[in-house]
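In what follows, a single structure is set out as structure tokens and then discussed.
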Amino acid sequence: MFLAKRLVLAHFWVAFAAFAVAILLGEWQMIVRSPLHAWISNPEHYYRSVTAHGTAMAYVLPTLVAMGFGYAICELALRRPLVGMRWAWAGFWLAIGGTLMASAPVAAGRATVLYTFYPPLIGSAFYYLGIVLVVVGSWIWVALMAINLRAWRKEHPGATVPLAMYGNVTGAYLWAWTSVGAAIEILVLILPVALGFKDTIDAGLARVFFSWTLHAIVYFWLMPAYIAFYTIVPRAIGGRLYSDTMGRVAFVLFLVFSMPIGIHHLFADPQVGAGFKFVHALMTAMVSVPTLLTVFTIAASVEIAARLRGGRGAFGWLKALPWEHPMMLAVAFSFVMLGFGGAGGIINMSYQLNETVHNTQWVTGHFHLMFGGAIVIMYFAIAYDLWPQLTGCAPLPAGLVRAQLWTWFVGMLVLTMPWHLVGILGMPRRMAYYDYTHPALQAQAWTVTASALGGAVLVVSAALLVYVLWRSGRRAGTPETFRFSLPVHAAARVPAALNGFALWVGLMIALTLVNYGFPIAQLAVLKETSVPAARVGVR
Amino acid sequence: MRDRSVLWSVVALVALTAISMVIGFVWLPSVHADFTVKGLWDGICRAAGVPASWGTAAEPAPAPLRTTAVVLEPAMARPGAADAVGRGATLALQCTMCHSARGAKEANAPNLAGQYPEVVMKQLSDYQKGDRTSAIMQALAGKLSARDIQDLALYYAQLPRPKNTPVTDMGAVPPLVKTGDPMRNIAPCAACHGGMEQKLGTPWLEGMPKEYLAQQLAQFASGERRNDSHAQMRNMARALSAKEIEELAAFYARQAE
């Protein structure tokens with residue numbers, strides 16, 4: 001790497017610091033609502049913690065990891081110094097400033113609105129302005145990714161964009177368009193109320209805008225993990241990428257299909273027509289296509305590694321895999337969680353099945369398993385892979401790294417599987433208190449205890465992560481030259497459409513307008529749809 | 001090569017969108033009588049969330065059951081100017097017989113000292129319009145102008161609240177106050193009446209006379225009192241036992257030693 005080492009390191013450290021604080025809050029929430037602890041008597045403290053946990057885990061951690069990894073990819077894949085270093089630091093400090101600005105009112109109980117905002121709840125304007133600053137910081141990153149790619153293209157006219165950079169810029173464009181929904185919600189609908197210019201808010205329209213961001217944001221979280229699947233995993237375990245083109249197809253399919261599907265979060269909302277709910281459900285099903293393509297391609301790449309190591313037979317090659325390598329463990333754990341979580345996701349997107357799990361603990365289980373499990377475990381793997389490059393340290397202690405990945409995997413399953421189960425039994429989510437003395441609930445009490453224990457394992461795992469990165473980063477060594485995975489057919493020509501973004505960004509915007517244009521326009525012109533704002537913590 | 005892949009990508013996406021639109025807006029609605037009773041176009045409009053008409057003129061919607069005529073607005077909760085408060089103080093001389101000179105602790109009438117202004121405005125207005133009944137209060141409120149009501153409320157809002165034993169031991173607080181009873185759909189009192197959150201239009205209860213509180217809960221439970229705009233108090237009170245009403249009233253009525 002050239003210039004960006006400190007920049008990338010700063011992004012990762014702040015991301016993991018926020019993560020370490022937020023995971024403690026998460027575990028505290030689990031314990032105080034489990035039978036292990038007497039009821040804390042004040043749900044306000046619980047929801048404050050939920051707001052901080054969600055804001056740190058959903059906005060701060062993934063945004064900073066995506067930004068930091070993106071800057072690293074820029075230099076490692078394009079093999080040239082990052083353009084716009086000062087702007088990159090400005091974006092970083094904006095994100096830090098925003099995080100601090102949003103945290104203060106949450107801690108003070110003036111913004112207990114959860115990270116999904118939930119109008120007509122209205123918190124302190126500083127909370128929303130803080131989020132806006134984080135997003136603006138990330139928009140600087142989006143612009144820098146485009147500028148760096150353009151600079152590289154000028155120097156390499158007609159050359160194929162390296163797959164890692166292609167995925168990286170896909171993620172940046174996806175985020176730029178994804179964040180527009182919540183940005184409109186905050187700037188146009190929420191802030192005028194939070195600042196006191198208005199006393200009512202169109203909660204239905206606000207929810208539609210948020211759904212625009214809410215689902216696609218998970219694909220922004222997911223992009224670093226998928227980039228790692230394609231461009232780091234095969235190299236790390238000594239294999240080759242089965243297909244470079246398949247990676248590009250998966251990335252652009254996410255770009256096109258991740259946006260216009262968010263109304264599946266509003267199946268129970270009366271303000272959206274049933275026809276649009278169906279269209280969004282069907283398009284949600286389409287995002288399983290790039291995921292299945294990825295699972296197939298990466299499984300094939302892993303098989304190549306196994307056969308290169310002497311693996312034989314239809315399944316015998318599995319034994320030849322380098323299971324002692326942390327990256328092998330990480331990708332295997334990630335795929336297992338992706339499998340369970342993906343199957344759950346298909347249930348969520350189905351209009352009728354969704355009704356049985358709507359607003360239950362199933363949903364909490366689903367997004368923790370998918371994001372906290374399948375995706376975040378790859379964030380760890382990315383950090384482990386990049387750390388020697390960033391700090392110039394010796395290889396990380398494989399035993400500790402494996403222990404960290406194992407504890408994360410086991411902890412996440414023990415946390416989320418009971419949630420899925422009680423969700424089907426009907427346990428509601430976002431509850432601060434369950435009356436376990438009630439005969440109808442008593443039988444489910446053990447599941448909450450189990451989840452709390454799973455959470456405790458995750459806390460241990462998070463501590464291990466921080467310890468490994470902190471201690472190992474101080475042991476000097478000479479890291480090997482970094483390289484991304486090589487495809488099996490390195491010289492294969494890439495179709496022009498898969499070397500650029502114009503077509504896919506065009507389709508993304510067009511499909512969003514088709515799927516969201518009418519519901520938004522209709523709700524915007526409908527009269528008398530606003531409700532009184534419920535200001536949080538004012539009295 | 002480039003043109004064909006671009007073309008096919010666009011055609012495939014358009015076809016997918018068109019097919020999903022046809023299924024979502026035509027085919028699925030066609031199996032629902034609700035959607036198809038007025039023809040294909042009306043079905044499509046309904047699937048888009050915009051029925052051609054929101055109701056038929058032949059069947060006028062029943063008049064909503066009236067609970068209160070007051071629309072609570074955040075502006076009502078703002079503190080008043082000195083002249084309004086002074087005028088309110090003069091008007092309040094009529095109220096001293098029951099509510100005392102300082103707005104508290106007389107004749108089992110509710111405390112008004114330090115009460116949120118929008119609460120007093122709403123109750124006086126409800127008495128005036130007959131949405132809340134009381135032989136005494138209806139007679140007294142009947143002759144008040146809108147400005148009188150506002151000034152009275154602003155006056156009482158700025159009086160010091162009666163002293164009441166502060167809660168130091170959360171264990172001594174009745175579970176219904178701090179937790180409610182989710183399995184009976186009872187929200188915690190403190191979620192609206194202060195303690196955790198204070199909602200607009202919800203009265204401050206600390207130090208209210210026990211008899212008054214118990215009587216109001218009983219009236220909400222029986223439906224005799226029904227000026228809670230969304231039946232929020234009737235729904236809570238109906239689920240309470242007589243013993244629980246007694247316990248809650250005693251908790252909020254506790255006085256400073």
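By convention here, the chains of the structure tokens are called A, B, ... in the order presented, each chain's residues are numbered starting at 1, and ligands are numbered starting at 1 in the order presented.
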List every residue of chain A that has an atom at most 9 Å from any atom of chain B, giving for each one its closest atom pair and the distance in Å to one decimal, counting only C-alpha atoms, sorted by chain and then by ascending residue number, as CSV.
```
residue,atom,partner,partner_atom,distance
A:Trp39,CA,B:Thr179,CA,8.9
A:Ile40,CA,B:Met170,CA,8.9
A:Ser41,CA,B:Lys178,CA,5.8
A:Asn42,CA,B:Lys178,CA,6.6
A:Pro43,CA,B:Met196,CA,7.8
A:Glu44,CA,B:Met196,CA,6.2
A:Asp199,CA,B:Pro74,CA,6.8
A:Pro270,CA,B:Gly49,CA,8.6
A:Gln271,CA,B:Gly49,CA,7.1
A:Val272,CA,B:Gly49,CA,5.8
A:Gly273,CA,B:Gly49,CA,3.6
A:Ala274,CA,B:Ala47,CA,5.0
A:Gly275,CA,B:Ala47,CA,4.4
A:Phe276,CA,B:Ala48,CA,6.4
A:Lys277,CA,B:Gly24,CA,8.0
A:Phe278,CA,B:Gly24,CA,5.3
A:Val279,CA,B:Ser20,CA,5.4
A:His280,CA,B:Ser20,CA,8.8
A:Leu282,CA,B:Ser20,CA,6.9
A:Met283,CA,B:Ser20,CA,8.3
A:Tyr433,CA,B:Thr179,CA,7.6
A:Tyr434,CA,B:Pro182,CA,7.7
A:Asp435,CA,B:Pro182,CA,7.5
A:His438,CA,B:Met183,CA,7.8
A:Ala440,CA,B:Met183,CA,8.9
A:Pro495,CA,B:Arg2,CA,6.6
A:Ala496,CA,B:Arg2,CA,5.8
A:Ala497,CA,B:Arg2,CA,6.4
A:Leu503,CA,B:Val6,CA,7.2
A:Leu507,CA,B:Val10,CA,7.5
A:Leu511,CA,B:Thr17,CA,8.3
A:Val514,CA,B:Thr17,CA,8.7
A:Asn515,CA,B:Thr17,CA,8.9
A:Phe518,CA,B:Ala48,CA,8.2
A:Pro519,CA,B:Ala48,CA,7.6
A:Gln522,CA,B:Val50,CA,8.1
A:Pro532,CA,B:Glu73,CA,7.8
A:Ala533,CA,B:Pro74,CA,8.8
A:Ala534,CA,B:Lys199,CA,7.7
A:Arg535,CA,B:Lys199,CA,8.4
A:Val536,CA,B:Glu197,CA,7.6
A:Gly537,CA,B:Glu197,CA,6.4
A:Val538,CA,B:Gln198,CA,8.0
A:Arg539,CA,B:Gln198,CA,5.9
```
| Shell around stretch 95-104 of chain B at 12 Å using only C-alpha atoms, local window under 3 positions removed, as number ranges by chain | B: 88-92, 107-115, 120, 136-137, 140-141, 152-153, 155-164, 205-209, 253, 255
Residue subset to file, keeping C-alpha atoms, as a PDB file, in the first residue's frame:
```
ATOM      1  CA  GLY B  88     -56.099  33.383  35.043  1.00  0.00           C
ATOM      2  CA  ALA B  89     -55.274  34.002  38.711  1.00  0.00           C
ATOM      3  CA  THR B  90     -58.237  36.372  39.010  1.00  0.00           C
ATOM      4  CA  LEU B  91     -60.576  33.930  37.296  1.00  0.00           C
ATOM      5  CA  ALA B  92     -59.295  31.137  39.535  1.00  0.00           C
ATOM      6  CA  ALA B 107     -62.430  18.498  49.060  1.00  0.00           C
ATOM      7  CA  ASN B 108     -61.065  15.506  47.120  1.00  0.00           C
ATOM      8  CA  ALA B 109     -61.064  17.646  44.008  1.00  0.00           C
ATOM      9  CA  PRO B 110     -58.123  17.051  41.694  1.00  0.00           C
ATOM     10  CA  ASN B 111     -54.933  19.016  42.173  1.00  0.00           C
ATOM     11  CA  LEU B 112     -54.500  21.712  39.590  1.00  0.00           C
ATOM     12  CA  ALA B 113     -51.227  23.225  40.834  1.00  0.00           C
ATOM     13  CA  GLY B 114     -48.492  22.527  38.328  1.00  0.00           C
ATOM     14  CA  GLN B 115     -50.860  20.621  36.079  1.00  0.00           C
ATOM     15  CA  VAL B 120     -56.772  21.731  32.152  1.00  0.00           C
ATOM     16  CA  ILE B 136     -70.674  21.257  39.411  1.00  0.00           C
ATOM     17  CA  MET B 137     -67.992  21.536  36.780  1.00  0.00           C
ATOM     18  CA  LEU B 140     -69.033  26.424  36.149  1.00  0.00           C
ATOM     19  CA  ALA B 141     -67.310  25.753  32.842  1.00  0.00           C
ATOM     20  CA  LEU B 152     -56.967  29.510  33.854  1.00  0.00           C
ATOM     21  CA  ALA B 153     -54.884  26.641  32.527  1.00  0.00           C
ATOM     22  CA  TYR B 155     -52.229  30.125  35.729  1.00  0.00           C
ATOM     23  CA  TYR B 156     -52.503  26.688  37.302  1.00  0.00           C
ATOM     24  CA  ALA B 157     -49.609  25.366  35.211  1.00  0.00           C
ATOM     25  CA  GLN B 158     -47.145  27.736  36.832  1.00  0.00           C
ATOM     26  CA  LEU B 159     -48.155  27.079  40.458  1.00  0.00           C
ATOM     27  CA  PRO B 160     -45.740  24.872  42.442  1.00  0.00           C
ATOM     28  CA  ARG B 161     -46.720  21.235  42.536  1.00  0.00           C
ATOM     29  CA  PRO B 162     -47.721  19.702  45.880  1.00  0.00           C
ATOM     30  CA  LYS B 163     -44.868  17.875  47.579  1.00  0.00           C
ATOM     31  CA  ASN B 164     -45.076  14.150  47.396  1.00  0.00           C
ATOM     32  CA  LEU B 205     -51.070  12.410  38.889  1.00  0.00           C
ATOM     33  CA  GLU B 206     -48.624  12.640  41.789  1.00  0.00           C
ATOM     34  CA  GLY B 207     -50.400  13.853  44.907  1.00  0.00           C
ATOM     35  CA  MET B 208     -53.937  13.670  43.486  1.00  0.00           C
ATOM     36  CA  PRO B 209     -56.593  12.727  46.070  1.00  0.00           C
ATOM     37  CA  ALA B 253     -52.034   9.861  46.243  1.00  0.00           C
ATOM     38  CA  GLN B 255     -48.256  12.557  50.372  1.00  0.00           C
TER      39      GLN B 255
END
```
| message | If we count only C-alpha atoms and set the cut-off at 12 Å, which residues sit around B:Ser134, ignoring sequence neighbours fewer than 4 positions away in its own chain? Please answer as a VMD selection string. | response | chain B and resid 109 123 to 124 126 to 130 138 to 142 216 219 224 to 225
| task | Just the residues within 7 Å of stretch 105-107 of chain A, please, counting only C-alpha atoms, with nothing from its chain fewer than 2 positions along; format it as a PyMOL selection string. | result | chain A and resi 48+52+102-103+109-112+124+126-127
Only N, CA and C atoms, please: the residues just picked out, written as a PDB file, in the first residue's frame.
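For reference, part-v1.pdb as written:
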```pdb
ATOM      1  N   ARG A  48     -33.136   3.142  25.118  1.00  0.00           N
ATOM      2  CA  ARG A  48     -31.979   3.998  24.875  1.00  0.00           C
ATOM      3  C   ARG A  48     -30.813   3.122  24.398  1.00  0.00           C
ATOM      4  N   ALA A  52     -28.797   3.027  20.790  1.00  0.00           N
ATOM      5  CA  ALA A  52     -27.345   3.169  20.644  1.00  0.00           C
ATOM      6  C   ALA A  52     -26.748   1.933  19.972  1.00  0.00           C
ATOM      7  N   ALA A 102     -24.644  12.273  17.302  1.00  0.00           N
ATOM      8  CA  ALA A 102     -25.844  11.446  17.442  1.00  0.00           C
ATOM      9  C   ALA A 102     -25.871  10.726  18.778  1.00  0.00           C
ATOM     10  N   SER A 103     -24.684  10.420  19.313  1.00  0.00           N
ATOM     11  CA  SER A 103     -24.644   9.629  20.557  1.00  0.00           C
ATOM     12  C   SER A 103     -25.109  10.427  21.764  1.00  0.00           C
ATOM     13  N   GLY A 109     -31.221  10.447  26.630  1.00  0.00           N
ATOM     14  CA  GLY A 109     -32.637  10.073  26.582  1.00  0.00           C
ATOM     15  C   GLY A 109     -33.480  11.006  25.742  1.00  0.00           C
ATOM     16  N   ARG A 110     -32.833  11.805  24.869  1.00  0.00           N
ATOM     17  CA  ARG A 110     -33.589  12.733  24.038  1.00  0.00           C
ATOM     18  C   ARG A 110     -33.796  12.210  22.619  1.00  0.00           C
ATOM     19  N   ALA A 111     -33.365  10.993  22.355  1.00  0.00           N
ATOM     20  CA  ALA A 111     -33.511  10.461  21.000  1.00  0.00           C
ATOM     21  C   ALA A 111     -33.766   8.963  21.029  1.00  0.00           C
ATOM     22  N   THR A 112     -34.650   8.545  21.942  1.00  0.00           N
ATOM     23  CA  THR A 112     -34.932   7.120  22.037  1.00  0.00           C
ATOM     24  C   THR A 112     -35.933   6.737  20.947  1.00  0.00           C
ATOM     25  N   SER A 124     -34.321  14.389  19.431  1.00  0.00           N
ATOM     26  CA  SER A 124     -33.566  15.635  19.296  1.00  0.00           C
ATOM     27  C   SER A 124     -33.018  15.779  17.875  1.00  0.00           C
ATOM     28  N   PHE A 126     -30.333  16.943  16.996  1.00  0.00           N
ATOM     29  CA  PHE A 126     -28.903  16.603  16.922  1.00  0.00           C
ATOM     30  C   PHE A 126     -28.689  15.138  16.537  1.00  0.00           C
ATOM     31  N   TYR A 127     -29.613  14.286  16.960  1.00  0.00           N
ATOM     32  CA  TYR A 127     -29.486  12.873  16.596  1.00  0.00           C
ATOM     33  C   TYR A 127     -29.532  12.718  15.076  1.00  0.00           C
TER      34      TYR A 127
END
```
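Taking atom CA of A:Leu189 as the reference point, atom CA of A:Thr360 is found at 27.9 Å.
The residue set within 10 Å of A:Met145, counting only C-alpha atoms and dropping same-chain residues fewer than 3 places from it, reads Met67, Gly70, Tyr71, Ile73, Cys74, Leu82, Val83, Gly84, Trp139, Ile140, Trp141, Val142, Asn148, Leu149, Arg150, Ala151, Met165, Asn168, Val169, Thr170, Gly171, Ala172 and Tyr173 of chain A.
Considering only C-alpha atoms, the residue among B:Ala81, B:Arg132, B:Cys192, B:Asp169 positioned nearest to B:Phe220 is B:Arg132.
The space between atom CA of A:Met328 and atom CA of A:Val302 spans 8.6 Å.
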| field | Polymer residues at most 8 Å from A:Gly97, only C-alpha atoms, same-chain spacing of 6 or more positions, as a ChimeraX atom specification | value | /A:130,133-134
| Just how far from atom CA of A:Thr213 is atom CA of A:Gly181, in Å to one decimal? | 5.2 Å
| task | Per DSSP on the backbone, filter stretch 65-235 of chain A down to the residues in alpha helix (DSSP H) and report them as a VMD selection string. | result | chain A and resid 65 to 78 85 to 107 125 to 155 163 to 184 191 to 194 203 to 231 233 to 235
Selection above as a file: C-alpha atoms, as a CSV table (one decimal), in the first residue's frame:
```
chain,number,residue,atom,x,y,z
A,65,VAL,CA,-15.6,-0.9,7.4
A,66,ALA,CA,-16.9,-0.4,3.8
A,67,MET,CA,-15.1,3.0,3.6
A,68,GLY,CA,-11.8,1.7,5.0
A,69,PHE,CA,-11.8,-1.5,2.9
A,70,GLY,CA,-12.7,0.7,-0.1
A,71,TYR,CA,-9.7,2.9,0.4
A,72,ALA,CA,-7.5,-0.2,0.8
A,73,ILE,CA,-8.9,-1.7,-2.4
A,74,CYS,CA,-8.2,1.5,-4.3
A,75,GLU,CA,-4.5,1.3,-3.6
A,76,LEU,CA,-4.1,-2.5,-3.6
A,77,ALA,CA,-6.1,-3.2,-6.7
A,78,LEU,CA,-5.4,-0.2,-8.8
A,85,MET,CA,-6.4,11.8,0.7
A,86,ARG,CA,-7.4,15.1,2.4
A,87,TRP,CA,-11.0,14.6,1.4
A,88,ALA,CA,-10.9,11.0,2.6
A,89,TRP,CA,-9.8,12.3,6.1
A,90,ALA,CA,-12.5,15.0,6.0
A,91,GLY,CA,-15.0,12.2,5.3
A,92,PHE,CA,-13.6,10.2,8.2
A,93,TRP,CA,-13.8,13.1,10.6
A,94,LEU,CA,-17.3,14.0,9.5
A,95,ALA,CA,-18.4,10.4,10.3
A,96,ILE,CA,-16.7,10.6,13.7
A,97,GLY,CA,-18.3,14.0,14.4
A,98,GLY,CA,-21.6,12.7,13.3
A,99,THR,CA,-21.4,9.7,15.5
A,100,LEU,CA,-20.5,11.8,18.5
A,101,MET,CA,-23.3,14.3,17.7
A,102,ALA,CA,-25.8,11.4,17.4
A,103,SER,CA,-24.6,9.6,20.6
A,104,ALA,CA,-25.0,12.5,23.0
A,105,PRO,CA,-28.8,12.9,22.7
A,106,VAL,CA,-29.3,9.1,22.7
A,107,ALA,CA,-27.3,8.9,26.0
A,125,ALA,CA,-32.5,17.3,16.0
A,126,PHE,CA,-28.9,16.6,16.9
A,127,TYR,CA,-29.5,12.9,16.6
A,128,TYR,CA,-30.7,13.2,13.0
A,129,LEU,CA,-28.1,15.8,12.1
A,130,GLY,CA,-25.4,13.4,13.4
A,131,ILE,CA,-26.7,10.7,11.2
A,132,VAL,CA,-26.7,13.1,8.3
A,133,LEU,CA,-23.0,13.9,8.9
A,134,VAL,CA,-22.1,10.2,8.9
A,135,VAL,CA,-23.9,9.8,5.6
A,136,VAL,CA,-22.3,12.9,4.1
A,137,GLY,CA,-18.9,11.6,5.2
A,138,SER,CA,-19.7,8.4,3.4
A,139,TRP,CA,-20.8,10.3,0.3
A,140,ILE,CA,-17.3,11.8,0.1
A,141,TRP,CA,-16.0,8.2,0.0
A,142,VAL,CA,-18.5,7.4,-2.8
A,143,ALA,CA,-17.1,10.3,-4.8
A,144,LEU,CA,-13.5,9.4,-4.1
A,145,MET,CA,-14.1,5.8,-5.3
A,146,ALA,CA,-15.5,7.1,-8.6
A,147,ILE,CA,-12.7,9.7,-9.0
A,148,ASN,CA,-10.0,7.1,-8.3
A,149,LEU,CA,-11.4,4.6,-10.8
A,150,ARG,CA,-11.6,7.4,-13.4
A,151,ALA,CA,-8.0,8.3,-12.8
A,152,TRP,CA,-6.9,4.7,-13.2
A,153,ARG,CA,-8.9,4.4,-16.4
A,154,LYS,CA,-7.2,7.4,-17.9
A,155,GLU,CA,-3.9,5.7,-17.3
A,163,LEU,CA,-12.7,-7.3,-9.8
A,164,ALA,CA,-12.1,-6.0,-6.3
A,165,MET,CA,-12.4,-2.4,-7.5
A,166,TYR,CA,-15.4,-3.2,-9.6
A,167,GLY,CA,-17.2,-4.6,-6.6
A,168,ASN,CA,-16.0,-1.7,-4.5
A,169,VAL,CA,-17.3,0.9,-6.8
A,170,THR,CA,-20.6,-1.1,-7.2
A,171,GLY,CA,-20.9,-0.9,-3.4
A,172,ALA,CA,-20.2,2.8,-3.5
A,173,TYR,CA,-22.9,3.6,-6.1
A,174,LEU,CA,-25.3,1.3,-4.4
A,175,TRP,CA,-24.8,3.2,-1.1
A,176,ALA,CA,-25.1,6.6,-2.8
A,177,TRP,CA,-28.6,5.8,-4.2
A,178,THR,CA,-29.6,3.7,-1.2
A,179,SER,CA,-29.0,6.5,1.3
A,180,VAL,CA,-31.1,9.0,-0.7
A,181,GLY,CA,-34.4,7.5,0.8
A,182,ALA,CA,-33.4,8.1,4.5
A,183,ALA,CA,-31.8,11.4,3.6
A,184,ILE,CA,-35.1,12.6,2.1
A,191,LEU,CA,-36.0,17.6,10.7
A,192,PRO,CA,-38.6,20.3,10.2
A,193,VAL,CA,-40.6,18.7,13.0
A,194,ALA,CA,-37.5,18.0,15.2
A,203,ALA,CA,-45.5,8.9,9.2
A,204,GLY,CA,-46.7,6.7,6.4
A,205,LEU,CA,-44.7,8.5,3.7
A,206,ALA,CA,-41.7,8.6,6.0
A,207,ARG,CA,-41.9,4.9,6.4
A,208,VAL,CA,-42.0,4.4,2.6
A,209,PHE,CA,-38.9,6.6,2.3
A,210,PHE,CA,-37.1,4.7,5.0
A,211,SER,CA,-37.9,1.3,3.4
A,212,TRP,CA,-36.1,2.6,0.3
A,213,THR,CA,-33.0,2.8,2.4
A,214,LEU,CA,-33.7,0.0,4.9
A,215,HIS,CA,-33.5,-3.0,2.7
A,216,ALA,CA,-30.8,-1.9,0.2
A,217,ILE,CA,-28.6,-0.8,3.1
A,218,VAL,CA,-28.1,-4.5,4.0
A,219,TYR,CA,-26.6,-5.0,0.5
A,220,PHE,CA,-24.2,-2.1,1.2
A,221,TRP,CA,-23.2,-3.9,4.4
A,222,LEU,CA,-22.8,-7.1,2.5
A,223,MET,CA,-20.6,-5.8,-0.4
A,224,PRO,CA,-17.3,-5.9,1.6
A,225,ALA,CA,-18.1,-9.5,2.5
A,226,TYR,CA,-18.8,-10.5,-1.1
A,227,ILE,CA,-15.8,-8.7,-2.4
A,228,ALA,CA,-13.8,-10.7,0.1
A,229,PHE,CA,-15.5,-13.9,-1.0
A,230,TYR,CA,-14.4,-13.4,-4.6
A,231,THR,CA,-11.1,-11.6,-4.4
A,233,VAL,CA,-10.8,-16.1,-0.1
A,234,PRO,CA,-9.5,-18.1,-3.1
A,235,ARG,CA,-6.1,-16.6,-2.8
```
